[in-house]
Amino acid sequence: MTPTATETRSVVVEREIPFPPQKIWRALTQPHLIEEWLMKNDFKPLVDHRFKLSADWGSVDCQVLAVEPDKTLTYTWAAMGLESVVTWTLTPTSSGTKLRMEQSGFAANRPQNYEGAKYGWSKFFANLEQVLARID
């Protein structure tokens, strides 16, 4: 059976990170920190705020859908023909925080978008962990 345009997949990355949710939240919501691990941006953690992520390859148009400080952040992600939703979930643990990122909305018949996102998020997470280790 071949995939159809209506079937979608998600990229999910989960990590146990040895920092409290408040510290991770700062890295996910403060523009100067987002720039260090993800891309240049004009992000504000306000529902309905439209923002742009910019890199040398192009840009991503986004809109904040949900904000629950230190717990959940959701925004749209539109770039290169892909319209998806990114949701960050922070769950406190005994040793820090379980950080979960899900990017949903990948058309099953466009595997290049899905594979590109899997590759990209693994790099972004590595960058994020470096930023977290450095900031107070």
# chains A, B, ... in the order shown; residues from 1 in each chain; ligands from 1
call {"tool": "closest_atom_pairs", "arguments": {"of": "range 72-106 of chain A", "to": "range 30-47 of chain A", "cutoff": "10 Å", "atoms": "only C-alpha atoms", "output": "Markdown table"}}
result
| residue | atom | partner | partner_atom | distance |
| --- | --- | --- | --- | --- |
| A:Leu73 | CA | A:Pro45 | CA | 8.2 |
| A:Thr74 | CA | A:Val47 | CA | 9.1 |
| A:Tyr75 | CA | A:Val47 | CA | 8.8 |
call {"tool": "residues_around", "arguments": {"residues": "range 104-110 of chain A", "least_positions_apart": "3", "cutoff": "12 Å", "atoms": "only C-alpha atoms", "output": "PyMOL selection string"}}
result
chain A and resi 1-13+74-88+101+113-118
call {"tool": "residues_around", "arguments": {"residues": "Leu128 in chain A", "least_positions_apart": "2", "cutoff": "12 Å", "atoms": "only C-alpha atoms", "output": "list in words"}}
result
Arg15, Ile17, Phe19, Lys23, Ile24, Trp25, Arg26, Ala27, Leu28, Leu33, Ile34, Glu35, Glu36, Trp37, Leu38, Met39, Leu99, Trp121, Ser122, Lys123, Phe124, Phe125, Ala126, Gln130, Val131, Leu132, Ala133, Arg134 and Ile135 of chain A
call {"tool": "write_last_selection", "arguments": {"atoms": "C-alpha atoms", "output": "short mmCIF file (atom, residue, chain, number, x, y, z; two decimals), in the first residue's frame"}}
result
data_model
loop_
_atom_site.label_atom_id
_atom_site.label_comp_id
_atom_site.auth_asym_id
_atom_site.auth_seq_id
_atom_site.Cartn_x
_atom_site.Cartn_y
_atom_site.Cartn_z
CA ARG A 15 15.45 13.51 26.25
CA ILE A 17 17.90 16.62 30.67
CA PHE A 19 18.16 20.81 34.45
CA LYS A 23 15.90 26.75 32.88
CA ILE A 24 14.84 24.79 29.79
CA TRP A 25 11.81 27.06 29.38
CA ARG A 26 14.12 30.08 29.21
CA ALA A 27 16.11 28.45 26.40
CA LEU A 28 12.87 27.67 24.54
CA LEU A 33 18.92 31.86 23.53
CA ILE A 34 16.69 30.44 20.76
CA GLU A 35 19.10 32.00 18.26
CA GLU A 36 22.01 30.12 19.85
CA TRP A 37 20.49 26.65 19.46
CA LEU A 38 17.86 26.98 16.72
CA MET A 39 17.75 30.07 14.47
CA LEU A 99 11.86 17.23 27.42
CA TRP A 121 16.00 18.18 15.31
CA SER A 122 18.84 15.88 16.38
CA LYS A 123 21.26 18.74 15.66
CA PHE A 124 19.02 21.34 17.32
CA PHE A 125 18.73 19.21 20.47
CA ALA A 126 22.52 18.83 20.67
CA GLN A 130 25.15 22.90 24.94
CA VAL A 131 23.31 26.17 25.60
CA LEU A 132 21.68 24.75 28.74
CA ALA A 133 25.03 23.57 30.08
CA ARG A 134 26.45 27.08 29.65
CA ILE A 135 23.67 29.35 30.99
#
call {"tool": "closest_residue", "arguments": {"among": "A:Thr93, A:Arg50, A:Glu102, A:Pro21", "to": "Val64 in chain A", "atoms": "only C-alpha atoms"}}
result
A:Arg50
call {"tool": "residues_around", "arguments": {"residues": "Ser94 in chain A", "least_positions_apart": "2", "cutoff": "10 Å", "atoms": "only C-alpha atoms", "output": "compact mmCIF listing (two decimals) with N, CA, C and O atoms, in the first residue's frame"}}
result
# COMPACT_ATOMS: atom_id res chain seq x y z
N PRO A 18 19.35 17.08 32.62
CA PRO A 18 19.60 17.29 34.05
C PRO A 18 19.47 18.75 34.51
O PRO A 18 20.30 19.24 35.26
N PRO A 20 16.32 21.92 35.62
CA PRO A 20 14.91 22.11 35.95
C PRO A 20 14.12 22.68 34.76
O PRO A 20 14.70 23.34 33.89
N PRO A 92 8.81 17.60 34.94
CA PRO A 92 9.85 17.45 35.97
C PRO A 92 10.08 15.98 36.32
O PRO A 92 9.13 15.18 36.34
N GLY A 96 15.87 15.98 36.89
CA GLY A 96 15.84 17.13 36.01
C GLY A 96 14.50 17.27 35.32
O GLY A 96 13.48 17.47 35.95
N THR A 97 14.52 17.12 33.98
CA THR A 97 13.31 17.31 33.17
C THR A 97 13.29 16.34 32.01
O THR A 97 14.31 16.15 31.35
N LYS A 98 12.13 15.77 31.76
CA LYS A 98 11.92 15.03 30.52
C LYS A 98 11.42 16.05 29.51
O LYS A 98 10.37 16.66 29.70
call {"tool": "select_by_dssp", "arguments": {"residues": "range 4-92 of chain A", "states": "strand (DSSP E or B)", "output": "PyMOL selection string"}}
result
chain A and resi 8-17+40-41+50-55+58-68+72-79+82-92
call {"tool": "closest_residue", "arguments": {"among": "A:Glu14, A:Gln103, A:His49, A:Tyr119", "to": "Asp61 in chain A", "atoms": "only C-alpha atoms"}}
result
A:His49
call {"tool": "atom_distance", "arguments": {"atom1": "CA of Gly120 in chain A", "atom2": "CA of Val60 in chain A"}}
result
13.3 Å
call {"tool": "atom_distance", "arguments": {"atom1": "CA of Leu53 in chain A", "atom2": "CA of Gln22 in chain A"}}
result
22.6 Å
